[in-house]
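Visitor: Sharing target.cif below, mmCIF, C-alpha atoms:
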data_start
#
loop_
_atom_site.label_atom_id
_atom_site.label_comp_id
_atom_site.auth_asym_id
_atom_site.auth_seq_id
_atom_site.Cartn_x
_atom_site.Cartn_y
_atom_site.Cartn_z
CA MET K 1376 -16.09 -5.50 10.03
CA ASP K 1377 -14.46 -8.72 8.85
CA LEU K 1378 -13.87 -11.49 11.37
CA LEU K 1379 -10.74 -13.60 11.56
CA GLU K 1380 -10.88 -17.20 10.39
CA TYR K 1381 -10.91 -18.77 13.85
CA GLN K 1382 -13.82 -16.51 14.85
CA VAL K 1383 -15.68 -17.44 11.67
CA LYS K 1384 -15.26 -21.15 12.38
CA GLU K 1385 -16.55 -20.73 15.92
CA TRP K 1386 -19.75 -19.36 14.40
CA PHE K 1387 -19.81 -22.15 11.81
CA GLN K 1388 -19.58 -24.71 14.60
CA GLU K 1389 -22.53 -23.08 16.39
CA MET K 1390 -24.59 -23.53 13.21
CA ASP K 1391 -23.46 -27.16 12.68
CA ILE K 1392 -21.50 -26.25 9.57
CA PRO K 1393 -18.71 -28.87 9.50
CA VAL K 1394 -15.27 -27.59 10.50
CA LEU K 1395 -12.02 -29.38 11.35
CA PRO K 1396 -10.67 -29.92 14.88
CA SER K 1397 -8.58 -26.85 15.66
CA GLN K 1398 -6.87 -24.83 18.35
CA THR K 1399 -5.78 -21.18 18.57
CA ILE K 1400 -2.10 -20.54 19.24
CA ASP K 1401 -1.07 -17.37 21.08
CA HIS K 1402 2.62 -18.31 21.34
CA PRO K 1403 4.81 -20.96 19.64
CA THR K 1404 5.22 -22.82 22.95
CA ASP K 1405 1.45 -23.45 23.02
CA LEU K 1406 2.15 -26.16 20.43
CA LYS K 1407 3.73 -28.29 23.17
CA ARG K 1408 0.21 -28.65 24.57
CA LEU K 1409 -1.55 -29.28 21.28
CA ARG K 1410 -4.85 -31.12 21.66
CA ILE K 1411 -5.18 -32.21 18.03
CA GLY K 1412 -3.12 -34.82 16.24
CA TYR K 1413 -0.45 -34.35 13.58
CA PRO K 1414 -0.14 -33.63 10.69
CA ILE K 1415 -1.57 -30.14 11.08
CA VAL K 1416 -1.72 -26.87 9.20
CA LEU K 1417 -0.75 -23.57 10.85
CA LYS K 1418 -2.55 -20.48 9.55
CA SER K 1419 -1.75 -16.82 10.17
CA GLN K 1420 -4.86 -15.07 11.51
CA ILE K 1421 -4.94 -11.82 9.57
CA HIS K 1422 -7.46 -10.03 7.37
CA ALA K 1423 -5.29 -9.89 4.25
CA GLY K 1424 -5.79 -12.49 1.52
CA ASP K 1425 -3.23 -14.72 -0.20
CA ARG K 1426 -1.77 -15.95 3.10
CA ALA K 1427 -0.52 -19.16 1.54
CA LYS K 1428 1.40 -17.38 -1.24
CA ALA K 1429 3.02 -15.08 1.32
CA GLY K 1430 4.10 -17.95 3.59
CA GLY K 1431 1.38 -17.55 6.23
CA VAL K 1432 0.14 -21.14 5.89
CA ARG K 1433 2.45 -24.06 6.77
CA PHE K 1434 1.90 -27.83 6.90
CA VAL K 1435 3.88 -29.59 9.66
CA GLU K 1436 4.10 -33.13 11.01
CA THR K 1437 6.02 -32.81 14.30
CA THR K 1438 6.03 -30.53 17.35
CA ILE K 1439 9.57 -29.30 16.63
CA ASP K 1440 8.66 -28.33 13.07
CA ALA K 1441 5.41 -26.74 14.27
CA ILE K 1442 7.18 -24.49 16.81
CA ALA K 1443 9.72 -23.38 14.21
CA ALA K 1444 6.97 -22.68 11.67
CA ALA K 1445 4.90 -20.77 14.24
CA GLN K 1446 7.87 -18.54 15.13
CA THR K 1447 8.28 -17.70 11.45
CA ILE K 1448 4.59 -16.95 10.89
CA PHE K 1449 4.27 -14.78 14.00
CA ASN K 1450 7.08 -12.58 12.63
CA LEU K 1451 5.84 -12.54 9.04
CA PRO K 1452 3.99 -9.34 8.04
CA ILE K 1453 1.51 -9.85 5.21
CA LEU K 1454 0.37 -6.61 3.58
CA GLY K 1455 1.64 -4.79 6.64
CA GLU K 1456 -0.27 -6.94 9.15
CA LEU K 1457 1.29 -9.16 11.80
CA PRO K 1458 -0.80 -11.93 13.38
CA GLU K 1459 -1.46 -11.94 17.11
CA VAL K 1460 -2.82 -15.48 17.00
CA LEU K 1461 -2.45 -18.54 14.77
CA LEU K 1462 -4.93 -21.30 14.01
CA ALA K 1463 -3.68 -24.89 14.24
CA GLU K 1464 -5.97 -27.22 12.33
CA THR K 1465 -6.04 -30.90 11.40
CA LYS K 1466 -4.86 -31.55 7.84
CA TYR K 1467 -7.66 -32.57 5.47
CA ASP K 1468 -7.31 -34.32 2.11
CA THR K 1469 -9.92 -33.27 -0.45
CA GLU K 1470 -10.96 -34.68 -3.79
CA THR K 1471 -13.19 -31.77 -4.81
CA GLU K 1472 -13.53 -28.18 -3.66
CA PHE K 1473 -16.40 -25.72 -4.04
CA TYR K 1474 -17.09 -22.05 -3.40
CA LEU K 1475 -20.23 -20.98 -1.49
CA ALA K 1476 -21.45 -17.60 -0.25
CA VAL K 1477 -24.44 -15.66 0.96
CA VAL K 1478 -24.08 -11.94 0.24
CA LEU K 1479 -26.23 -8.85 0.65
CA ASP K 1480 -26.65 -7.39 -2.84
CA THR K 1481 -27.42 -3.68 -2.48
CA ALA K 1482 -28.33 -3.41 -6.17
CA VAL K 1483 -31.45 -5.54 -5.65
CA CYS K 1484 -31.68 -5.03 -1.86
CA ARG K 1485 -31.93 -8.78 -1.34
CA PRO K 1486 -29.67 -11.61 -0.11
CA VAL K 1487 -28.09 -13.63 -2.92
CA LEU K 1488 -26.82 -17.22 -2.73
CA LEU K 1489 -23.61 -17.87 -4.69
CA GLY K 1490 -21.98 -21.15 -5.67
CA CYS K 1491 -19.20 -22.35 -7.94
CA LYS K 1492 -17.41 -25.61 -8.71
CA GLU K 1493 -14.13 -23.68 -8.65
CA ALA K 1494 -12.59 -22.80 -5.30
CA ASP K 1495 -10.34 -19.88 -4.42
CA ILE K 1496 -12.27 -17.24 -6.37
CA ASP K 1497 -13.47 -13.71 -5.70
CA TRP K 1498 -17.26 -13.46 -5.90
CA GLU K 1499 -17.03 -9.83 -7.11
CA SER K 1500 -15.04 -10.79 -10.23
CA ALA K 1501 -16.00 -14.42 -10.88
CA GLY K 1502 -18.31 -13.53 -13.76
CA GLN K 1503 -20.06 -16.37 -15.58
CA ASN K 1504 -18.28 -19.10 -13.61
CA ILE K 1505 -20.41 -18.50 -10.56
CA GLN K 1506 -24.10 -19.44 -10.14
CA HIS K 1507 -26.50 -17.29 -8.15
CA VAL K 1508 -30.00 -17.40 -6.72
CA VAL K 1509 -31.73 -14.27 -5.41
CA VAL K 1510 -33.73 -14.86 -2.22
CA GLU K 1511 -36.81 -12.95 -3.32
CA GLN K 1512 -39.17 -13.95 -0.50
CA GLU K 1513 -38.89 -15.54 2.94
CA PHE K 1514 -36.09 -18.09 2.84
CA SER K 1515 -36.87 -21.77 2.45
CA PRO K 1516 -34.67 -24.82 1.68
CA PHE K 1517 -35.95 -24.55 -1.90
CA TYR K 1518 -33.53 -21.70 -2.57
CA ALA K 1519 -30.53 -23.74 -1.36
CA ARG K 1520 -31.50 -26.76 -3.47
CA ARG K 1521 -32.04 -24.53 -6.48
CA LEU K 1522 -28.49 -23.16 -6.21
CA ALA K 1523 -27.02 -26.67 -5.81
CA LEU K 1524 -28.87 -27.79 -8.96
CA LYS K 1525 -27.67 -24.75 -10.90
CA MET K 1526 -24.12 -25.73 -9.90
CA GLY K 1527 -24.70 -29.05 -11.67
CA LEU K 1528 -24.86 -31.19 -8.52
CA HIS K 1529 -26.99 -34.31 -8.09
CA GLY K 1530 -27.90 -36.98 -5.55
CA ALA K 1531 -26.43 -37.08 -2.06
CA LEU K 1532 -23.78 -34.43 -2.79
CA MET K 1533 -26.45 -31.98 -3.97
CA GLN K 1534 -28.45 -32.47 -0.78
CA SER K 1535 -25.39 -32.20 1.48
CA ILE K 1536 -24.26 -28.94 -0.10
CA ALA K 1537 -27.82 -27.57 -0.02
CA ASN K 1538 -27.88 -28.29 3.73
CA VAL K 1539 -24.66 -26.28 4.19
CA ILE K 1540 -26.08 -23.38 2.15
CA GLU K 1541 -29.20 -23.39 4.31
CA LYS K 1542 -27.13 -23.19 7.51
CA MET K 1543 -25.03 -20.39 6.02
CA TYR K 1544 -28.19 -18.42 5.34
CA GLN K 1545 -29.42 -19.02 8.89
CA LEU K 1546 -26.13 -17.57 10.20
CA PHE K 1547 -26.40 -14.67 7.74
CA GLU K 1548 -29.87 -13.81 9.03
CA LYS K 1549 -29.24 -14.49 12.71
CA LYS K 1550 -26.19 -12.22 12.97
CA ASP K 1551 -27.26 -9.44 10.54
CA LEU K 1552 -24.34 -10.10 8.20
CA ASP K 1553 -23.32 -8.66 4.85
CA LEU K 1554 -21.37 -11.74 3.76
CA VAL K 1555 -20.94 -15.40 4.74
CA GLU K 1556 -18.41 -17.23 2.60
CA ILE K 1557 -16.89 -20.73 2.54
CA ASN K 1558 -13.84 -20.79 0.32
CA PRO K 1559 -13.19 -23.61 -0.13
CA LEU K 1560 -15.75 -26.21 0.92
CA GLY K 1561 -13.76 -29.46 0.67
CA VAL K 1562 -15.20 -32.88 -0.13
CA ASN K 1563 -13.06 -35.95 0.62
CA SER K 1564 -13.10 -39.40 -0.98
CA CYS K 1565 -15.88 -40.52 1.41
CA GLY K 1566 -18.13 -37.62 0.40
CA GLN K 1567 -17.64 -35.83 3.73
CA LEU K 1568 -17.95 -32.03 3.55
CA MET K 1569 -15.68 -29.63 5.42
CA ALA K 1570 -15.51 -25.81 5.55
CA LEU K 1571 -11.75 -25.40 5.13
CA ASN K 1572 -11.75 -21.60 5.17
CA GLY K 1573 -14.43 -19.01 5.74
CA LYS K 1574 -15.14 -15.31 5.74
CA VAL K 1575 -17.80 -13.32 7.57
CA ARG K 1576 -18.48 -9.61 7.15
CA VAL K 1577 -20.59 -8.02 9.86
CA ASN K 1578 -23.00 -5.24 9.00
CA GLU K 1579 -21.63 -2.45 11.20
CA ARG K 1580 -25.01 -0.80 11.51
CA ALA K 1581 -26.24 -3.96 13.23
CA ILE K 1582 -23.35 -4.47 15.67
CA ARG K 1583 -25.15 -2.85 18.59
CA ARG K 1584 -28.00 -5.32 18.27
CA HIS K 1585 -25.60 -8.16 19.09
CA PRO K 1586 -23.72 -7.83 22.41
CA GLU K 1587 -21.38 -10.71 21.55
CA ILE K 1588 -20.28 -8.90 18.39
CA VAL K 1589 -19.69 -5.66 20.31
CA GLY K 1590 -17.16 -7.53 22.45
CA MET K 1591 -15.42 -8.97 19.39
CA ALA K 1592 -15.27 -5.54 17.76
CA ALA K 1593 -13.74 -3.98 20.88
CA LYS K 1594 -11.06 -6.69 20.97
CA MET K 1595 -10.23 -6.14 17.31
CA LEU K 1596 -9.98 -2.38 17.79
CA HIS K 1597 -7.26 -2.91 20.37
CA GLY K 1598 -5.39 -5.69 18.62
CA TYR K 1599 -6.21 -6.08 14.98
CA PRO K 1600 -6.83 -3.99 11.90
CA VAL K 1601 -10.49 -3.16 11.47
CA ILE K 1602 -12.66 -2.74 8.42
CA GLN K 1603 -14.67 0.43 8.94
CA GLY K 1604 -17.50 1.76 6.80
CA SER K 1605 -18.70 5.27 6.23
CA ASP K 1606 -21.86 6.06 4.31
CA ASN K 1607 -20.10 5.98 0.96
CA PHE K 1608 -16.90 3.94 1.00
CA ILE K 1609 -14.86 1.35 2.82
CA THR K 1610 -11.81 2.25 4.88
CA TRP K 1611 -9.15 0.02 6.36
CA GLU K 1612 -7.48 1.33 9.49
CA GLY K 1613 -4.22 -0.33 10.42
CA SER K 1614 -3.22 -1.47 13.88
CA SER K 1615 -1.27 1.77 14.23
CA SER K 1616 -3.91 4.48 14.41
CA GLN K 1617 -1.17 7.14 14.27
CA GLY K 1618 -0.01 6.26 10.76
CA LYS K 1619 1.35 9.22 8.81
CA ILE K 1620 0.52 8.17 5.24
CA ALA K 1621 -3.11 7.86 4.14
CA ILE K 1622 -3.81 5.80 1.02
CA VAL K 1623 -6.56 6.39 -1.53
CA GLY K 1624 -7.03 3.76 -4.25
CA ASP K 1625 -9.55 2.49 -6.76
CA GLY K 1626 -9.42 -1.18 -5.85
CA ALA K 1627 -8.69 -3.42 -2.88
CA GLY K 1628 -5.66 -4.95 -4.59
CA SER K 1629 -3.97 -1.63 -5.38
CA VAL K 1630 -4.71 -0.28 -1.89
CA MET K 1631 -3.24 -3.30 -0.10
CA ALA K 1632 -0.22 -3.45 -2.42
CA THR K 1633 0.48 0.22 -1.70
CA LEU K 1634 0.15 -0.38 2.03
CA ASP K 1635 2.59 -3.28 1.87
CA LEU K 1636 5.18 -1.20 -0.01
CA ILE K 1637 4.92 1.63 2.54
CA VAL K 1638 5.60 -0.78 5.39
CA ASP K 1639 8.54 -2.30 3.51
CA ALA K 1640 9.95 1.20 2.94
CA GLY K 1641 9.84 1.98 6.66
CA GLY K 1642 6.75 4.18 6.55
CA LYS K 1643 3.65 4.21 8.74
CA PRO K 1644 0.42 3.73 6.79
CA GLY K 1645 -2.70 5.24 8.29
CA ILE K 1646 -6.25 5.08 7.02
CA CYS K 1647 -6.69 3.46 3.60
CA MET K 1648 -9.70 4.12 1.39
CA ASN K 1649 -10.90 1.99 -1.50
CA LEU K 1650 -13.15 4.18 -3.66
CA ARG K 1651 -14.01 1.50 -6.20
CA HIS K 1652 -17.17 0.42 -4.35
CA ARG K 1653 -19.53 2.06 -1.92
CA PHE K 1654 -20.03 0.45 1.47
CA PRO K 1655 -21.99 -2.82 0.95
CA ALA K 1656 -24.73 -1.89 3.41
CA ASP K 1657 -25.27 1.55 1.88
CA THR K 1658 -28.54 2.03 0.04
CA LEU K 1659 -27.59 5.37 -1.57
CA ARG K 1660 -25.75 5.59 -4.87
CA THR K 1661 -22.63 7.75 -5.02
CA THR K 1662 -20.29 8.67 -7.86
CA PHE K 1663 -16.55 8.12 -7.88
CA LYS K 1664 -16.10 11.91 -7.92
CA GLU K 1665 -18.22 12.32 -4.79
CA ARG K 1666 -16.32 9.57 -2.96
CA LEU K 1667 -12.99 11.17 -3.88
CA GLU K 1668 -14.15 14.59 -2.66
CA GLN K 1669 -15.29 13.17 0.67
CA ALA K 1670 -12.18 11.03 1.09
CA LEU K 1671 -9.83 13.99 0.61
CA GLU K 1672 -11.83 16.14 3.02
CA ILE K 1673 -11.88 13.46 5.72
CA LEU K 1674 -8.17 12.70 5.38
CA ALA K 1675 -7.15 16.36 5.36
CA ASN K 1676 -9.07 17.00 8.58
CA ASP K 1677 -7.20 14.17 10.32
CA ARG K 1678 -4.05 15.80 11.67
CA SER K 1679 -2.20 12.49 11.91
CA ASN K 1680 -2.04 12.35 8.09
CA GLN K 1681 1.09 14.10 6.86
CA VAL K 1682 0.83 12.65 3.35
CA ILE K 1683 -2.08 11.47 1.19
CA LEU K 1684 -0.88 8.95 -1.38
CA ILE K 1685 -3.32 8.53 -4.28
CA ASN K 1686 -2.86 5.43 -6.44
CA PHE K 1687 -5.35 5.10 -9.31
CA LEU K 1688 -4.94 2.35 -11.90
CA GLY K 1689 -6.65 1.60 -15.19
CA SER K 1690 -10.24 2.45 -15.90
CA ILE K 1691 -12.15 4.50 -13.35
CA PRO K 1692 -15.48 6.32 -13.64
CA GLU K 1693 -15.32 10.08 -14.28
CA ALA K 1694 -11.59 9.96 -14.96
CA ALA K 1695 -11.61 13.43 -16.48
CA GLU K 1696 -12.91 14.92 -13.24
CA VAL K 1697 -10.16 13.51 -11.00
CA ALA K 1698 -7.87 16.49 -11.62
CA GLU K 1699 -10.75 18.91 -11.01
CA VAL K 1700 -11.51 17.36 -7.62
CA ILE K 1701 -7.85 17.45 -6.54
CA THR K 1702 -7.42 21.07 -7.75
CA ASN K 1703 -10.54 22.20 -5.91
CA PHE K 1704 -9.36 20.39 -2.79
CA LEU K 1705 -5.99 22.15 -2.87
CA GLN K 1706 -7.55 25.56 -3.49
CA GLN K 1707 -10.05 25.03 -0.68
CA TYR K 1708 -7.33 24.37 1.86
CA VAL K 1709 -5.11 27.19 0.60
CA ASN K 1710 -8.02 29.58 1.09
CA LYS K 1711 -8.59 28.18 4.56
CA LEU K 1712 -4.91 28.65 5.40
CA GLN K 1713 -4.90 32.26 4.15
CA SER K 1714 -7.98 33.16 6.17
CA GLN K 1715 -6.46 31.64 9.29
CA LEU K 1716 -3.21 33.58 8.73
CA LEU K 1717 -5.18 36.83 8.50
CA ARG K 1718 -6.91 36.06 11.80
CA THR K 1719 -3.55 35.36 13.48
CA ASN K 1720 -1.81 38.48 12.03
CA GLY K 1721 0.33 36.44 9.63
CA SER K 1722 1.62 33.98 12.20
CA LYS K 1723 1.71 30.54 10.63
CA ASN K 1724 0.12 28.04 12.94
CA ARG K 1725 0.33 24.49 11.61
CA ARG K 1726 -1.91 23.25 14.40
CA SER K 1727 -4.79 25.37 13.12
CA ALA K 1728 -3.98 25.05 9.38
CA HIS K 1729 -3.28 21.51 8.29
CA ILE K 1730 -2.55 20.74 4.64
CA PRO K 1731 -1.09 17.27 4.03
CA HIS K 1732 1.27 16.67 1.13
CA LEU K 1733 -0.25 15.01 -1.93
CA VAL K 1734 1.65 12.28 -3.78
CA ILE K 1735 -0.23 11.06 -6.84
CA ARG K 1736 0.26 8.10 -9.15
CA LEU K 1737 -2.13 7.87 -12.10
CA VAL K 1738 -1.73 5.01 -14.59
CA GLY K 1739 -4.12 4.38 -17.48
CA SER K 1740 -5.06 5.99 -20.79
CA GLN K 1741 -8.23 7.47 -19.30
CA LEU K 1742 -6.14 9.31 -16.73
CA ASP K 1743 -3.71 10.92 -19.20
CA GLU K 1744 -5.66 14.19 -19.36
CA ALA K 1745 -5.91 14.39 -15.58
CA GLN K 1746 -2.17 13.81 -15.29
CA LYS K 1747 -1.39 16.54 -17.85
CA TYR K 1748 -3.65 19.01 -16.06
CA LEU K 1749 -2.16 18.31 -12.63
CA ALA K 1750 1.34 18.75 -14.10
CA THR K 1751 0.47 22.39 -14.81
CA LEU K 1752 0.20 23.00 -11.06
CA LYS K 1753 3.91 22.40 -10.42
CA SER K 1754 4.63 26.10 -9.94
CA GLN K 1755 2.31 26.32 -6.95
CA SER K 1756 3.71 25.86 -3.46
CA ASN K 1757 1.10 23.28 -2.56
CA ALA K 1758 1.33 21.40 -5.87
CA PRO K 1759 0.89 17.62 -5.79
CA ILE K 1760 3.87 15.40 -6.55
CA LEU K 1761 3.16 13.33 -9.68
CA LEU K 1762 4.98 10.03 -10.20
CA GLU K 1763 4.23 7.17 -12.60
CA ASN K 1764 6.21 4.51 -10.72
CA LEU K 1765 4.52 3.19 -7.56
CA ASP K 1766 7.82 2.37 -5.82
CA GLU K 1767 9.00 5.94 -6.39
CA ALA K 1768 5.69 7.35 -5.14
CA VAL K 1769 5.92 5.28 -1.97
CA ILE K 1770 9.53 6.34 -1.32
CA GLU K 1771 8.59 9.98 -1.85
CA ALA K 1772 5.68 9.69 0.60
CA VAL K 1773 7.85 8.06 3.26
CA GLN K 1774 10.59 10.69 2.84
CA LEU K 1775 8.04 13.49 3.18
CA THR K 1776 6.89 12.14 6.55
CA LYS K 1777 10.48 11.89 7.76
CA SER K 1778 11.33 15.42 6.60
CA THR K 1779 8.26 16.72 8.45
CA VAL K 1780 9.44 15.00 11.65
CA ASN K 1781 12.93 16.52 11.24
CA LYS K 1782 11.48 20.01 10.80
CA LYS K 1783 9.41 19.63 13.97
CA SER K 1784 12.42 18.42 15.95
#
Output the file's structure as structure tokens, nothing else.
Guide:
Amino acid sequence: MDLLEYQVKEWFQEMDIPVLPSQTIDHPTDLKRLRIGYPIVLKSQIHAGDRAKAGGVRFVETTIDAIAAAQTIFNLPILGELPEVLLAETKYDTETEFYLAVVLDTAVCRPVLLGCKEADIDWESAGQNIQHVVVEQEFSPFYARRLALKMGLHGALMQSIANVIEKMYQLFEKKDLDLVEINPLGVNSCGQLMALNGKVRVNERAIRRHPEIVGMAAKMLHGYPVIQGSDNFITWEGSSSQGKIAIVGDGAGSVMATLDLIVDAGGKPGICMNLRHRFPADTLRTTFKERLEQALEILANDRSNQVILINFLGSIPEAAEVAEVITNFLQQYVNKLQSQLLRTNGSKNRRSAHIPHLVIRLVGSQLDEAQKYLATLKSQSNAPILLENLDEAVIEAVQLTKSTVNKKS
């Protein structure tokens, strides 16, 4: 479960990690009673990234401008998500920005400290630009100082950043977290540090050990999208639990882009599954094939899913077996349907036999063979719909849900 920025900064404040004066805004008129001085920055409180590029972050200098900006942001969906609250924060001028994180690395089963002199990066794809220190034994300030030195820092700045890293680790340990991230950590001309944005990912298996997190999770279930984890993969469930189109992708970017296009096309996205990585807290290894098999089974058993939209891009493990998994899935549910028809004397009962439509987009040289094989299934009544263009695949998925509604009515 990922927290929203304002929730993250409340935790940062508890740990004495420096944050700016701020105030949550539930309605544009709340800005008439703002307790912090202008100029300020208004931030959309959503889980999706790239808020600034999408228009979800605005700098304003007067109350009139702030109210107008807040009205715009409240009505601005980003990757299909509308904010229910904004964060108003004092503007901060930085000279240098850094990236810091503490993450649970399941490959070594140890916490890892991460740091980089470049801000606005993704720790999963930063490569050689990011420094790391594995916390191999009981944590001590030595680990934090070691990371700061590996980042090339010296003197007072090195010690200040090491202190922040130490407090991040204390929060990581105290709350049973999978990730604590500051991106960016700003440093102004006076050398003052400030956590300008942060991310916290809660280990869902540990939620029940923390009553305060249980309350936060319950609130998010009723108002916000929630990151949910199964034993093998991550799912994102939108604020509308009755979405008709499930999404299966091989990367967070492709999944969220697909979700956004469905919303723009007037569709209702449901559960989304990113099969690229297993759940961060999972200690068992799984193959891409196994995750795809489980994803299709779970989504097919959820009667709210009328369409499963599969969007696989580029290089994926076991690419040749993708078609095999999909074919076996289709055959399995056809057999189930036939057996149910025999038990009901041939009366088709959609309530007892649910087979969602499959719309598939495969792009990448490794997926050519899978695409050719799936194309041979066109003659079957339950054949998947193959499209190379994502926009066309999305439109087809949305139209299928609407045609299903028309048939029912």
Visitor: Which residue is closest to Thr1481 of chain K? Choose from K:Asn1538, K:Asp1553, K:Thr1437, K:Ala1621 and count all atoms listed in the file.
Guide: K:Asp1553
Visitor: Tell me which of K:Cys1647, K:Val1623, K:Leu1684, K:Leu1552 sits closest to Arg1580 of chain K, counting all atoms listed in the file.
Guide: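 Closest to Arg1580 of chain K, using all atoms listed in the file: K:Leu1552.
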Visitor: Since I can't run it myself right now, could you work out what the PyMOL selection byres ((chain K and resi 1756-1769) around 6) selects here and report it as an NGL selection string?
Guide: :K and (1637 or 1733-1736 or 1752-1753 or 1755 or 1770-1772)
Visitor: Between atom CA of Arg1433 of chain K and atom CA of Val1416 of chain K, what is the distance in Å, rounded to a tenth?
Guide: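 So the two atoms, atom CA of Arg1433 of chain K and atom CA of Val1416 of chain K, lie 5.6 Å apart.
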Visitor: Mind giving me the straight-line distance from atom CA of Met1376 of chain K to atom CA of Leu1650 of chain K in Å, one decimal?
Guide: 17.0 Å
Visitor: Care to translate the PyMOL selection byres ((chain K and resi 1632) around 12) into actual residues of this file, as a list in words?
Guide: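 After applying the PyMOL selection byres ((chain K and resi 1632) around 12), what remains is Ala1423, Gly1424, Asp1425, Ile1453, Leu1454, Gly1455, Ile1622, Val1623, Gly1624, Asp1625, Gly1626, Ala1627, Gly1628, Ser1629, Val1630, Met1631, Thr1633, Leu1634, Asp1635, Leu1636, Ile1637, Val1638, Asp1639, Pro1644, Cys1647, Asn1686, Leu1765, Asp1766 and Val1769 of chain K.
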Visitor: Tell me which of K:Asn1572, K:Thr1661, K:Asn1578, K:Thr1776 sits closest to Gln1681 of chain K, counting only C-alpha atoms.
Guide: K:Thr1776
